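What's in upload_30.txt: compact mmCIF, C-alpha atoms
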# COMPACT_ATOMS: atom_id res chain seq x y z
CA MET A 1 3.09 -0.90 -39.70
CA GLN A 2 5.31 2.01 -38.60
CA SER A 3 2.32 3.48 -36.79
CA LYS A 4 1.59 0.21 -34.99
CA ILE A 5 5.20 -0.07 -33.79
CA SER A 6 5.21 3.45 -32.38
CA GLN A 7 1.87 2.85 -30.66
CA VAL A 8 2.99 -0.43 -29.06
CA ALA A 9 6.39 1.02 -28.05
CA GLY A 10 4.76 4.15 -26.63
CA LEU A 11 2.20 2.14 -24.68
CA ALA A 12 4.84 -0.25 -23.28
CA LEU A 13 7.19 2.58 -22.28
CA THR A 14 4.54 4.72 -20.65
CA ILE A 15 2.82 1.82 -18.86
CA ALA A 16 6.22 0.83 -17.39
CA TYR A 17 6.69 4.46 -16.30
CA ALA A 18 3.21 4.49 -14.72
CA VAL A 19 4.00 1.27 -12.81
CA PHE A 20 7.22 2.90 -11.56
CA ILE A 21 5.24 5.91 -10.32
CA VAL A 22 2.70 3.72 -8.50
CA TRP A 23 5.60 1.78 -6.94
CA ILE A 24 7.30 5.03 -5.83
CA TYR A 25 4.11 6.24 -4.15
CA ALA A 26 3.57 2.83 -2.52
CA THR A 27 7.10 2.51 -1.11
CA GLU A 28 7.57 6.24 -0.34
CA PRO A 29 11.39 6.36 -0.46
CA ARG A 30 12.86 9.30 1.43
CA SER A 31 15.95 9.81 -0.71
CA PHE A 32 17.51 8.74 -4.02
CA ARG A 33 19.55 6.17 -2.07
CA GLU A 34 16.33 4.62 -0.75
CA VAL A 35 14.93 4.58 -4.29
CA ALA A 36 17.96 2.56 -5.36
CA THR A 37 17.68 0.23 -2.35
CA SER A 38 13.96 -0.33 -2.92
CA ALA A 39 14.68 -1.07 -6.58
CA GLU A 40 17.26 -3.66 -5.53
CA VAL A 41 14.73 -5.28 -3.18
CA ALA A 42 12.08 -5.32 -5.91
CA SER A 43 14.47 -6.86 -8.44
CA GLY A 44 15.76 -9.46 -5.93
CA THR A 45 19.37 -8.24 -6.04
CA TYR A 46 19.33 -6.66 -2.58
CA GLN A 47 22.18 -7.63 -0.21
CA ILE A 48 22.96 -6.32 3.24
CA ASN A 49 26.28 -4.68 4.06
CA GLN A 50 28.10 -7.65 5.64
CA GLU A 51 30.86 -5.53 7.13
CA LYS A 52 28.38 -3.38 9.03
CA PHE A 53 26.44 -6.48 10.05
CA ASN A 54 29.55 -8.04 11.62
CA SER A 55 30.47 -4.82 13.34
CA ALA A 56 26.93 -4.65 14.79
CA LEU A 57 27.17 -8.26 15.94
CA ASP A 58 30.38 -7.42 17.75
CA LEU A 59 28.66 -4.49 19.51
CA PHE A 60 25.71 -6.74 20.38
CA ARG A 61 28.00 -9.28 22.03
CA ARG A 62 29.52 -6.45 24.07
CA GLU A 63 25.96 -5.54 25.16
CA GLN A 64 26.01 -2.19 23.37
CA PHE A 65 22.53 -2.74 22.03
CA ARG A 66 21.65 0.74 20.76
CA ALA A 67 24.89 1.07 18.85
CA ALA A 68 24.39 -2.44 17.46
CA ARG A 69 20.89 -1.58 16.28
CA ASP A 70 22.16 1.57 14.55
CA GLU A 71 24.74 -0.47 12.69
CA TRP A 72 22.24 -3.16 11.72
CA GLN A 73 19.86 -0.52 10.45
CA ARG A 74 22.65 0.84 8.28
CA ALA A 75 23.54 -2.67 7.13
CA ASP A 76 19.90 -3.36 6.16
CA PRO A 77 18.34 0.01 5.25
CA ALA A 78 15.47 -1.59 3.36
CA GLN A 79 14.61 -3.87 6.32
CA GLY A 80 14.62 -6.70 3.83
CA ASP A 81 16.93 -9.23 5.53
CA SER A 82 15.23 -11.58 8.00
CA ARG A 83 18.42 -12.45 9.90
CA THR A 84 19.27 -8.79 10.56
CA GLN A 85 15.71 -8.07 11.64
CA PHE A 86 15.89 -11.07 14.00
CA TYR A 87 19.03 -9.67 15.60
CA ILE A 88 17.49 -6.20 15.90
CA ALA A 89 14.50 -7.76 17.67
CA TYR A 90 16.88 -9.72 19.92
CA SER A 91 18.73 -6.53 20.84
CA PHE A 92 15.42 -4.90 21.83
CA TYR A 93 14.65 -7.98 23.94
CA ARG A 94 17.99 -7.98 25.73
CA GLU A 95 17.99 -4.24 26.33
CA GLY A 96 14.38 -4.22 27.53
CA TRP A 97 14.70 -7.26 29.76
CA GLY A 98 14.83 -6.53 33.47
CA ARG A 99 14.84 -8.75 36.49
CA VAL A 100 11.96 -6.82 38.03
CA TYR A 101 10.16 -5.39 34.98
CA TYR A 102 10.36 -5.31 31.19
CA ASP A 103 10.63 -2.08 29.21
CA GLN A 104 7.32 -2.15 27.33
CA GLU A 105 8.42 0.35 24.68
CA LEU A 106 11.50 -1.67 23.73
CA PHE A 107 9.58 -4.94 23.78
CA LYS A 108 6.96 -3.49 21.43
CA LYS A 109 9.68 -2.37 19.01
CA GLY A 110 11.24 -5.81 19.30
CA LEU A 111 7.90 -7.38 18.46
CA GLU A 112 7.65 -5.21 15.34
CA ALA A 113 11.13 -6.26 14.26
CA VAL A 114 10.53 -9.96 14.85
CA ASN A 115 7.24 -9.74 12.94
CA ARG A 116 9.17 -8.22 10.03
CA ALA A 117 11.67 -11.09 10.24
CA ILE A 118 8.86 -13.66 10.22
CA ALA A 119 7.12 -11.93 7.30
CA LEU A 120 10.37 -12.03 5.31
CA THR A 121 10.64 -15.79 5.79
CA ALA A 122 7.02 -16.72 5.36
CA ALA A 123 7.94 -19.85 3.37
CA SER A 124 10.04 -21.54 6.07
CA PRO A 125 10.60 -20.89 9.81
CA LEU A 126 13.56 -18.63 10.56
CA THR A 127 16.40 -20.27 12.54
CA VAL A 128 19.62 -18.51 13.51
CA ASP A 129 22.50 -20.77 14.56
CA ASP A 130 24.36 -18.49 16.93
CA PRO A 131 25.83 -20.18 20.03
CA ASN A 132 25.74 -16.86 21.90
CA LEU A 133 21.94 -16.77 21.73
CA ARG A 134 19.58 -18.84 23.83
CA MET A 135 16.68 -18.46 21.44
CA HIS A 136 17.39 -19.57 17.89
CA THR A 137 14.02 -19.24 16.18
CA ALA A 138 11.93 -16.19 15.45
CA ALA A 139 8.89 -17.96 16.91
CA GLU A 140 10.62 -18.37 20.31
CA LEU A 141 11.72 -14.76 20.35
CA LYS A 142 8.24 -13.57 19.39
CA ALA A 143 6.64 -15.61 22.17
CA GLU A 144 9.10 -14.20 24.71
CA LEU A 145 8.48 -10.63 23.57
CA GLU A 146 4.71 -11.15 23.59
CA GLN A 147 4.82 -12.53 27.11
CA GLY A 148 6.79 -9.47 28.16
CA THR A 149 4.16 -7.09 26.80
CA GLU A 150 1.19 -8.92 28.35
CA SER A 151 0.06 -8.36 31.93
CA SER A 152 -0.70 -11.43 34.05
CA LEU A 153 -0.80 -12.63 37.66
CA SER A 154 2.74 -13.97 37.32
CA ASP A 155 3.91 -10.34 37.20
CA VAL A 156 3.42 -10.10 40.98
CA ASN A 157 5.20 -13.40 41.68
CA PRO A 158 8.32 -12.57 43.77
CA LEU A 159 10.12 -15.57 42.28
CA LYS A 160 10.14 -13.68 39.02
CA VAL A 161 13.44 -12.10 40.04
CA LEU A 162 15.09 -15.51 39.70
CA ARG A 163 14.37 -15.68 35.97
CA THR A 164 17.29 -15.44 33.63
CA ARG A 165 17.68 -13.49 30.43
CA LYS A 166 17.80 -15.58 27.29
CA MET B 167 7.62 18.90 -44.04
CA THR B 168 6.00 15.98 -45.82
CA ALA B 169 2.70 14.42 -44.80
CA THR B 170 4.57 11.29 -43.63
CA ASP B 171 6.85 13.33 -41.35
CA ARG B 172 3.87 15.19 -39.98
CA SER B 173 2.05 11.94 -39.30
CA ARG B 174 5.12 10.42 -37.57
CA ASN B 175 5.63 13.49 -35.43
CA ARG B 176 2.01 13.47 -34.44
CA GLU B 177 2.23 9.81 -33.45
CA LEU B 178 5.36 10.52 -31.42
CA VAL B 179 3.59 13.33 -29.59
CA ASP B 180 0.33 11.42 -29.04
CA PHE B 181 1.77 8.08 -27.99
CA VAL B 182 5.08 8.95 -26.30
CA VAL B 183 5.67 12.63 -25.53
CA LEU B 184 2.26 13.53 -24.10
CA PRO B 185 1.90 10.43 -21.85
CA VAL B 186 5.50 10.90 -20.61
CA PHE B 187 4.83 14.59 -19.90
CA PHE B 188 1.60 13.85 -18.07
CA LEU B 189 3.06 10.92 -16.11
CA THR B 190 5.98 13.09 -15.03
CA VAL B 191 3.45 15.63 -13.76
CA ALA B 192 1.68 12.77 -11.94
CA LEU B 193 5.00 11.76 -10.36
CA LEU B 194 6.18 15.22 -9.31
CA GLY B 195 2.79 16.74 -8.41
CA GLY B 196 2.74 14.97 -5.05
CA LEU B 197 6.44 15.32 -4.26
CA ARG B 198 7.52 17.56 -1.41
CA VAL B 199 10.93 17.95 0.20
CA GLY B 200 10.99 18.06 4.01
CA ALA B 201 12.28 21.29 5.55
CA GLU B 202 14.30 19.63 8.30
CA ASN B 203 16.00 16.58 6.81
CA ARG B 204 15.50 17.26 3.08
CA ALA B 205 13.75 13.89 2.78
CA PHE B 206 11.26 13.14 -0.01
CA ILE B 207 7.62 13.20 1.05
CA PHE B 208 5.10 11.72 -1.38
CA VAL B 209 1.59 13.12 -0.93
CA ALA B 210 -1.05 10.99 -2.62
CA PRO B 211 -3.73 13.06 -4.39
CA PRO B 212 -6.58 13.94 -1.98
CA LEU B 213 -10.08 12.97 -3.07
CA VAL B 214 -10.99 16.57 -3.85
CA THR B 215 -8.25 16.75 -6.51
CA LEU B 216 -9.90 13.86 -8.39
CA LEU B 217 -13.15 15.83 -8.43
CA LEU B 218 -11.28 18.92 -9.63
CA ALA B 219 -9.59 16.82 -12.32
CA VAL B 220 -12.96 15.54 -13.56
CA LEU B 221 -14.24 19.11 -13.83
CA LEU B 222 -11.05 20.20 -15.57
CA VAL B 223 -11.18 17.37 -18.11
CA LEU B 224 -14.83 18.24 -18.82
CA LEU B 225 -13.74 21.83 -19.33
CA LEU B 226 -10.97 20.72 -21.71
CA VAL B 227 -13.58 18.83 -23.73
CA ARG B 228 -15.97 21.79 -23.74
CA GLY B 229 -13.16 24.14 -24.71
CA ARG B 230 -12.25 21.80 -27.60
CA LEU B 231 -8.75 21.28 -26.28
CA ILE B 232 -9.56 17.57 -26.23
CA ARG B 233 -11.44 16.42 -29.31
CA PHE B 234 -12.76 12.97 -28.63
CA GLN B 235 -13.92 12.46 -32.19
CA GLN B 236 -10.33 12.96 -33.38
CA LEU B 237 -8.89 10.61 -30.76
CA VAL B 238 -11.36 7.81 -30.15
CA GLY B 239 -13.92 6.37 -32.51
CA THR B 240 -15.13 3.29 -34.32
CA GLU B 241 -13.29 4.34 -37.48
CA PHE B 242 -9.87 4.02 -35.75
CA PRO B 243 -8.00 0.72 -35.21
CA PRO B 244 -8.43 -0.73 -31.66
CA LEU B 245 -4.77 -0.13 -30.78
CA THR B 246 -5.04 3.54 -31.69
CA ASN B 247 -8.15 3.87 -29.53
CA VAL B 248 -6.40 2.15 -26.61
CA ALA B 249 -3.32 4.38 -26.97
CA HIS B 250 -5.46 7.52 -27.06
CA ILE B 251 -7.57 6.43 -24.08
CA TRP B 252 -4.32 5.76 -22.18
CA MET B 253 -3.09 9.25 -23.05
CA LEU B 254 -6.37 10.73 -21.76
CA LEU B 255 -6.03 8.70 -18.55
CA THR B 256 -2.54 10.08 -17.98
CA LEU B 257 -3.97 13.56 -18.59
CA PHE B 258 -6.61 12.94 -15.92
CA PHE B 259 -4.05 11.86 -13.30
CA ALA B 260 -1.72 14.70 -14.28
CA SER B 261 -4.59 17.15 -13.75
CA ALA B 262 -5.27 15.70 -10.29
CA GLN B 263 -1.59 15.94 -9.38
CA ALA B 264 -1.27 19.47 -10.79
CA PHE B 265 -3.99 20.51 -8.34
CA ASN B 266 -2.27 18.48 -5.60
CA SER B 267 0.90 20.44 -6.30
CA VAL B 268 -0.72 23.83 -5.61
CA LEU B 269 -3.16 22.87 -2.85
CA PRO B 270 -2.01 23.42 0.74
CA GLU B 271 -1.61 20.01 2.41
CA GLY B 272 -4.11 20.47 5.22
CA GLY B 273 -6.08 22.78 7.45
CA LEU B 274 -8.45 25.55 6.56
CA LEU B 275 -6.34 26.79 3.66
CA HIS B 276 -6.61 23.41 1.93
CA TRP B 277 -10.40 23.69 1.94
CA LEU B 278 -10.36 27.37 0.98
CA PHE B 279 -8.15 26.67 -2.05
CA SER B 280 -10.26 23.62 -2.98
CA PHE B 281 -13.43 25.70 -2.77
CA PHE B 282 -12.02 28.44 -5.00
CA PHE B 283 -10.83 25.89 -7.55
CA LEU B 284 -14.24 24.20 -7.53
CA TRP B 285 -16.00 27.53 -7.87
CA THR B 286 -13.82 28.64 -10.77
CA LEU B 287 -14.07 25.34 -12.66
CA TRP B 288 -17.80 25.06 -12.08
CA ASN B 289 -18.38 28.62 -13.35
CA ASN B 290 -16.18 27.98 -16.37
CA GLN B 291 -18.36 25.00 -17.34
CA PHE B 292 -21.01 27.51 -18.39
CA SER B 293 -18.70 29.98 -20.13
CA SER B 294 -17.88 30.11 -23.80
CA PHE B 295 -14.28 28.99 -24.35
CA ASP B 296 -12.06 28.15 -27.24
CA ALA B 297 -8.82 26.21 -26.82
CA ARG B 298 -6.58 29.27 -26.86
CA ARG B 299 -8.58 31.15 -24.23
CA LEU B 300 -8.91 28.05 -22.10
CA LEU B 301 -5.15 27.48 -22.14
CA ARG B 302 -4.53 31.07 -21.08
CA SER B 303 -7.15 30.80 -18.36
CA LEU B 304 -5.65 27.58 -16.99
CA ALA B 305 -2.12 28.95 -17.05
CA ILE B 306 -3.31 31.94 -15.02
CA LEU B 307 -5.33 29.75 -12.63
CA PHE B 308 -2.36 27.48 -11.85
CA GLY B 309 0.07 30.42 -11.85
CA THR B 310 -1.97 32.30 -9.27
CA ALA B 311 -2.34 29.21 -7.07
CA PHE B 312 1.41 28.60 -7.36
CA VAL B 313 2.25 32.16 -6.27
CA LEU B 314 -0.20 31.95 -3.37
CA LYS B 315 1.02 28.59 -2.07
CA HIS B 316 4.72 28.49 -2.84
CA MET B 317 5.57 32.15 -2.45
CA LEU B 318 3.11 33.85 -0.12
CA LEU B 319 2.13 30.96 2.16
CA ALA B 320 5.63 29.44 2.10
CA SER B 321 6.97 32.79 3.24
CA LEU B 322 4.28 33.06 5.91
CA TYR B 323 5.05 29.62 7.39
CA SER B 324 8.79 29.61 6.79
CA THR B 325 10.73 28.40 9.84
CA GLU B 326 13.42 30.98 9.12
CA GLY B 327 10.81 33.74 9.18
CA GLY B 328 10.06 34.99 5.67
CA TRP B 329 9.25 38.58 4.80
CA LEU B 330 5.51 37.94 4.84
CA LYS B 331 5.74 36.36 8.27
CA ARG B 332 7.36 39.49 9.61
CA VAL B 333 4.72 41.72 7.95
CA ALA B 334 1.86 39.48 9.17
CA GLY B 335 3.43 39.34 12.62
CA THR B 336 3.44 43.12 12.79
CA LEU B 337 -0.08 43.52 11.45
CA LEU B 338 -1.67 40.66 13.38
CA GLN B 339 0.11 40.98 16.70
CA GLY B 340 -1.68 38.77 19.21
CA VAL B 341 -3.92 37.08 16.63
CA SER B 342 -3.39 33.30 16.35
CA LEU B 343 -2.89 31.73 12.95
CA GLY B 344 -3.49 28.27 14.46
CA THR B 345 -6.42 27.40 12.18
CA LEU B 346 -4.34 28.32 9.13
CA ASP B 347 -1.42 26.15 10.19
CA ALA B 348 0.36 24.25 7.41
CA PRO B 349 3.44 22.03 7.20
CA THR B 350 6.64 23.68 6.04
CA PHE B 351 8.74 22.32 3.19
CA ALA B 352 12.19 23.02 1.78
CA PRO B 353 12.43 25.65 -0.99
CA ALA B 354 13.10 22.81 -3.45
CA THR B 355 9.38 21.95 -3.21
CA GLY B 356 8.52 25.24 -4.91
CA TYR B 357 10.98 24.58 -7.74
CA ILE B 358 9.57 21.09 -8.24
CA SER B 359 6.03 22.48 -8.32
CA PHE B 360 7.00 25.18 -10.83
CA PHE B 361 8.57 22.58 -13.13
CA THR B 362 5.50 20.33 -12.72
CA LEU B 363 3.03 23.07 -13.62
CA THR B 364 5.14 24.25 -16.56
CA LEU B 365 5.27 20.69 -17.86
CA TYR B 366 1.52 20.32 -17.42
CA VAL B 367 0.71 23.53 -19.30
CA ALA B 368 3.27 22.59 -21.98
CA GLY B 369 1.52 19.21 -22.31
CA LEU B 370 -1.85 20.90 -22.72
CA THR B 371 -0.41 23.26 -25.33
CA LEU B 372 1.02 20.30 -27.24
CA LEU B 373 -2.32 18.54 -26.96
CA ALA B 374 -4.07 21.59 -28.38
CA PHE B 375 -1.70 22.14 -31.28
CA ALA B 376 -0.39 18.68 -32.15
CA GLY B 377 -3.73 17.16 -33.07
CA LYS B 378 -4.52 19.70 -35.74
CA ASP B 379 -3.65 20.35 -39.32
CA GLU B 380 -1.76 23.49 -40.18
CA THR B 381 -4.86 25.01 -41.74
CA ASP B 382 -6.81 24.42 -38.55
CA GLY B 383 -5.35 27.10 -36.34
CA LEU B 384 -7.48 26.77 -33.21
CA GLY B 385 -10.13 28.92 -34.86
CA HIS B 386 -13.67 29.65 -33.91
CA PRO B 387 -15.71 26.53 -33.09
CA LEU B 388 -18.27 27.48 -35.76
CA VAL B 389 -15.54 27.60 -38.42
CA ASP B 390 -14.15 24.27 -37.17
CA GLU B 391 -17.58 22.67 -37.50
CA TYR B 392 -17.97 24.20 -40.97
CA LEU B 393 -14.63 22.78 -42.12
CA LYS B 394 -15.74 19.29 -41.08
CA LEU B 395 -18.74 19.39 -43.42
CA PRO B 396 -18.68 17.75 -46.87
CA ALA B 397 -18.30 20.09 -49.86
CA SER B 398 -22.01 20.01 -50.80
CA HIS B 399 -23.05 20.96 -47.26
CA ARG B 400 -20.48 23.76 -47.16
CA LEU B 401 -22.00 25.17 -50.34
CA ALA B 402 -25.47 25.05 -48.79
CA VAL B 403 -24.20 26.83 -45.67
CA ARG B 404 -22.55 29.53 -47.77
CA GLU B 405 -25.67 30.04 -49.82
CA ALA B 406 -27.75 30.32 -46.66
CA ILE B 407 -25.36 32.93 -45.27
CA LEU B 408 -25.27 34.85 -48.52
CA ASP B 409 -29.06 34.85 -48.63
CA ASP B 410 -28.91 37.02 -45.50
CA GLN B 411 -26.62 39.55 -47.27
CA PRO B 412 -28.20 40.24 -50.67
CA GLN B 413 -26.02 43.29 -51.33
CA SER B 414 -22.77 41.26 -51.31
CA VAL B 415 -23.95 38.33 -53.46
CA ALA B 416 -22.70 39.81 -56.67
CA THR B 417 -19.28 40.38 -55.21
CA VAL B 418 -19.03 36.84 -53.86
CA GLU B 419 -20.24 35.25 -57.11
CA ARG B 420 -17.28 36.77 -58.90
CA LEU B 421 -14.85 34.97 -56.63
CA PRO B 422 -13.21 31.79 -58.08
CA ALA B 423 -14.62 28.47 -56.87
CA ARG B 424 -12.69 26.46 -54.22
CA PRO B 425 -10.56 23.69 -55.73
CA ASP B 426 -12.32 20.93 -53.68
CA GLU B 427 -15.79 21.82 -54.95
Output the file's structure as structure tokens, nothing else.
Amino acid sequence: MQSKISQVAGLALTIAYAVFIVWIYATEPRSFREVATSAEVASGTYQINQEKFNSALDLFRREQFRAARDEWQRADPAQGDSRTQFYIAYSFYREGWGRVYYDQELFKKGLEAVNRAIALTAASPLTVDDPNLRMHTAAELKAELEQGTESSLSDVNPLKVLRTRK
Amino acid sequence: MTATDRSRNRELVDFVVLPVFFLTVALLGGLRVGAENRAFIFVAPPLVTLLLAVLLVLLLVRGRLIRFQQLVGTEFPPLTNVAHIWMLLTLFFASAQAFNSVLPEGGLLHWLFSFFFLWTLWNNQFSSFDARRLLRSLAILFGTAFVLKHMLLASLYSTEGGWLKRVAGTLLQGVSLGTLDAPTFAPATGYISFFTLTLYVAGLTLLAFAGKDETDGLGHPLVDEYLKLPASHRLAVREAILDDQPQSVATVERLPARPDE
């Protein structure tokens, strides 16, 4: 009986350890802090830093997009919050938007961020009720970013300069 | 120490200590620390390390460091078999990661090291080994690879310019080392690798010694096989040996009989 207990306990302990190792190699954390954050995400206890999020939102409203993104990245280091990822994508959109041309690099990064936001809310469509934004859903933002990265005949339309930023 | 204590200790080693040792090796074998930002870098085992691990496990079986008949068999309960197979699996992955720990990450040196490991392990398959010699041989193999990678090569590719880089720079002025290029890591990588290899060799030593009775001191394979025979067969073997040495028969016949006969 004693032998059976030690075998079962040993197996359970070491299998759990092996799962942890596989998880570590799959998530590739870069520091002990990231290990802790990834563990929080995996266990469902992950929460963003609300203070940093608000501070980033303030910077975003003052059109300081890079600084806002830095703050949001610090608020959501695991990139596990759909709302924060939506705002990051929005900041790429606003910074990359130009009356004459769009910054392709920023739009591509924005597309990556909005895709992350959509993936995080696969169950229901993501909607952000912010009166300062003109696009409230991730789908709208994604479509806008995609249009910006695609080349079409409308790119040479001179009336394009009359478009407004959303 | 009573037989019960011995049995409990052996179970603890077989089912907890050895898998934990080997899994820790599997965890740390692929861990590097970036030179610039001190960030963790996890390097999954390259395919060649799995091949090397297969050869190494075969060698451990041939060298009688792993004794399948003592670990897995129809006479054991299913749970014991499963626990032992799990321990052997962890040993396999630890072996792959131990190689990963001492192999350069890329370039020509990665393939040179892999080739030398393959050559050594392949040659050893046809050599006569016992557990003790095999352990010594493996410790030296990993020790040499560690010194080459984490001391000599690390010094050669150090961003701060190690002693070997200065010597090589003087000797090979104008010769490009482009084909031998390798990523640089923080010194902590070497410490992690040293700990990993020490743990691996310690695990192998435990594996060699823990699964044996006190009377079975990693002796000659022939003696081990003899000790496994039933008493009547042992007697027959002894008689056959003594038949070859007629002058010593009288002496041997005067010796007292073994208590188990």
Item to check | Within 12 Å of Ala39 of chain A using all atoms listed in the file, minus same-chain residues under 4 positions, as a VMD selection string | outcome: chain A and resid 20 23 to 24 27 to 29 32 to 35 43 to 47 78 80
Item to check | Polymer residues at most 12 Å from Gln147 of chain A, only C-alpha atoms, same-chain spacing of 4 or more positions, as a list in words | outcome: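 The residues that qualify are Tyr93, Trp97, Tyr101, Tyr102, Gln104, Phe107, Lys108, Leu111, Glu140, Leu141, Lys142, Ala143, Ser151, Ser152, Leu153, Ser154 and Asp155 of chain A.
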Next on the checklist: Set the distance at 9 Å and use all atoms listed in the file: which residues neighbour Leu178 of chain B once local chain neighbours fewer than 6 positions away are removed? I'd like the list as a list of chain:residue names.
Outcome noted: A:Ser6, A:Gln7, A:Gly10, B:Leu184
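Closest approach to Leu307 of chain B among B:Val367, B:Val199, B:Ala354, B:Leu319 is made by B:Val367 (distances from only C-alpha atoms).
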Item to check | 7 Å contacts from chain B to chain A using only C-alpha atoms, as JSON, numbers by chain | outcome: {"B": [181, 182, 185, 186, 189, 193, 205, 206, 207, 208, 249]}
What would the file look like if the residues just selected were written as an mmCIF file, in the coordinates of the input with C-alpha atoms?
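This went into part_14.cif:
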data_model
loop_
_atom_site.group_PDB
_atom_site.id
_atom_site.type_symbol
_atom_site.label_atom_id
_atom_site.label_comp_id
_atom_site.auth_asym_id
_atom_site.auth_seq_id
_atom_site.Cartn_x
_atom_site.Cartn_y
_atom_site.Cartn_z
ATOM 1 C CA PHE B 181 1.770 8.080 -27.990
ATOM 2 C CA VAL B 182 5.080 8.950 -26.300
ATOM 3 C CA PRO B 185 1.900 10.430 -21.850
ATOM 4 C CA VAL B 186 5.500 10.900 -20.610
ATOM 5 C CA LEU B 189 3.060 10.920 -16.110
ATOM 6 C CA LEU B 193 5.000 11.760 -10.360
ATOM 7 C CA ALA B 205 13.750 13.890 2.780
ATOM 8 C CA PHE B 206 11.260 13.140 -0.010
ATOM 9 C CA ILE B 207 7.620 13.200 1.050
ATOM 10 C CA PHE B 208 5.100 11.720 -1.380
ATOM 11 C CA ALA B 249 -3.320 4.380 -26.970
#
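Taking only C-alpha atoms, the non-local environment of Arg94 of chain A within 9 Å (same-chain residues fewer than 2 positions away omitted) comprises Glu63, Phe65, Ala89, Tyr90, Ser91, Phe92, Gly96, Trp97, Gly98, Arg165 and Lys166 of chain A.
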Item to check | Polymer residues at most 9 Å from Gln73 of chain A, all atoms listed in the file, same-chain spacing of 5 or more positions, as a VMD selection string | outcome: chain A and resid 53 68 78 to 79 84 to 85 88
Next on the checklist: Using only C-alpha atoms for the distances, tell me which of A:Leu159, A:Ser82, A:Trp72, A:Leu57 is nearest to Leu126 of chain A.
Outcome noted: A:Ser82
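One distance worth recording is that between atom CA of Val223 of chain B and atom CA of Phe258 of chain B, which is 6.7 Å.
If you look at atom CA of Ala406 of chain B and atom CA of Val389 of chain B, they are 15.0 Å away from each other.
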Checklist entry - Which is closer to His316 of chain B than all the others in B:Thr362, B:Ser267, B:Gln235, B:Ser280, using all atoms listed in the file? => result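 Residue with the minimum atom-to-atom distance to His316 of chain B: B:Ser267.
Between atom CA of Ala352 of chain B and atom CA of Glu202 of chain B the interatomic distance comes to 7.6 Å.
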Checklist entry - Which one of B:Ala219, B:Ala397, B:Leu408, B:Leu197 sits closest to Thr256 of chain B if you count all atoms listed in the file? => result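 Using all atoms listed in the file, the shortest distance to Thr256 of chain B belongs to B:Ala219.
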Checklist entry - Between A:Val100, A:Lys52, A:Arg61, A:Ala42, which one has atoms that come closest to Leu133 of chain A, using all atoms listed in the file? => result A:Arg61
Checklist entry - So, counting all atoms listed in the file, which residue among B:Thr371, B:Ser261, B:Thr364, B:Thr246 is closest to Leu300 of chain B? => result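 Closest to Leu300 of chain B, using all atoms listed in the file: B:Thr371.
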Missing atoms in segment 97-105 of chain A need filling: write out N, CA, C and O atoms for it as a CSV table (one decimal), keeping the file's coordinate frame.
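rebuild_35.csv, freshly written:
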chain,number,residue,atom,x,y,z
A,97,TRP,N,14.9,-6.3,28.7
A,97,TRP,CA,14.7,-7.3,29.8
A,97,TRP,C,15.2,-6.7,31.1
A,97,TRP,O,16.3,-6.2,31.2
A,98,GLY,N,14.4,-6.9,32.1
A,98,GLY,CA,14.8,-6.5,33.5
A,98,GLY,C,14.4,-7.6,34.5
A,98,GLY,O,13.4,-8.3,34.2
A,99,ARG,N,15.2,-7.7,35.5
A,99,ARG,CA,14.8,-8.8,36.5
A,99,ARG,C,13.5,-8.5,37.2
A,99,ARG,O,12.7,-9.4,37.5
A,100,VAL,N,13.2,-7.2,37.3
A,100,VAL,CA,12.0,-6.8,38.0
A,100,VAL,C,10.8,-6.5,37.0
A,100,VAL,O,9.7,-6.8,37.2
A,101,TYR,N,11.2,-5.8,36.0
A,101,TYR,CA,10.2,-5.4,35.0
A,101,TYR,C,10.8,-5.3,33.6
A,101,TYR,O,12.0,-5.3,33.4
A,102,TYR,N,9.9,-5.4,32.6
A,102,TYR,CA,10.4,-5.3,31.2
A,102,TYR,C,10.0,-3.9,30.7
A,102,TYR,O,8.9,-3.4,31.0
A,103,ASP,N,10.9,-3.4,29.8
A,103,ASP,CA,10.6,-2.1,29.2
A,103,ASP,C,9.6,-2.3,28.1
A,103,ASP,O,10.0,-2.9,27.0
A,104,GLN,N,8.4,-1.9,28.3
A,104,GLN,CA,7.3,-2.2,27.3
A,104,GLN,C,7.6,-1.5,25.9
A,104,GLN,O,7.3,-2.2,24.9
A,105,GLU,N,8.2,-0.3,26.0
A,105,GLU,CA,8.4,0.4,24.7
A,105,GLU,C,9.4,-0.5,23.8
A,105,GLU,O,9.2,-0.7,22.6
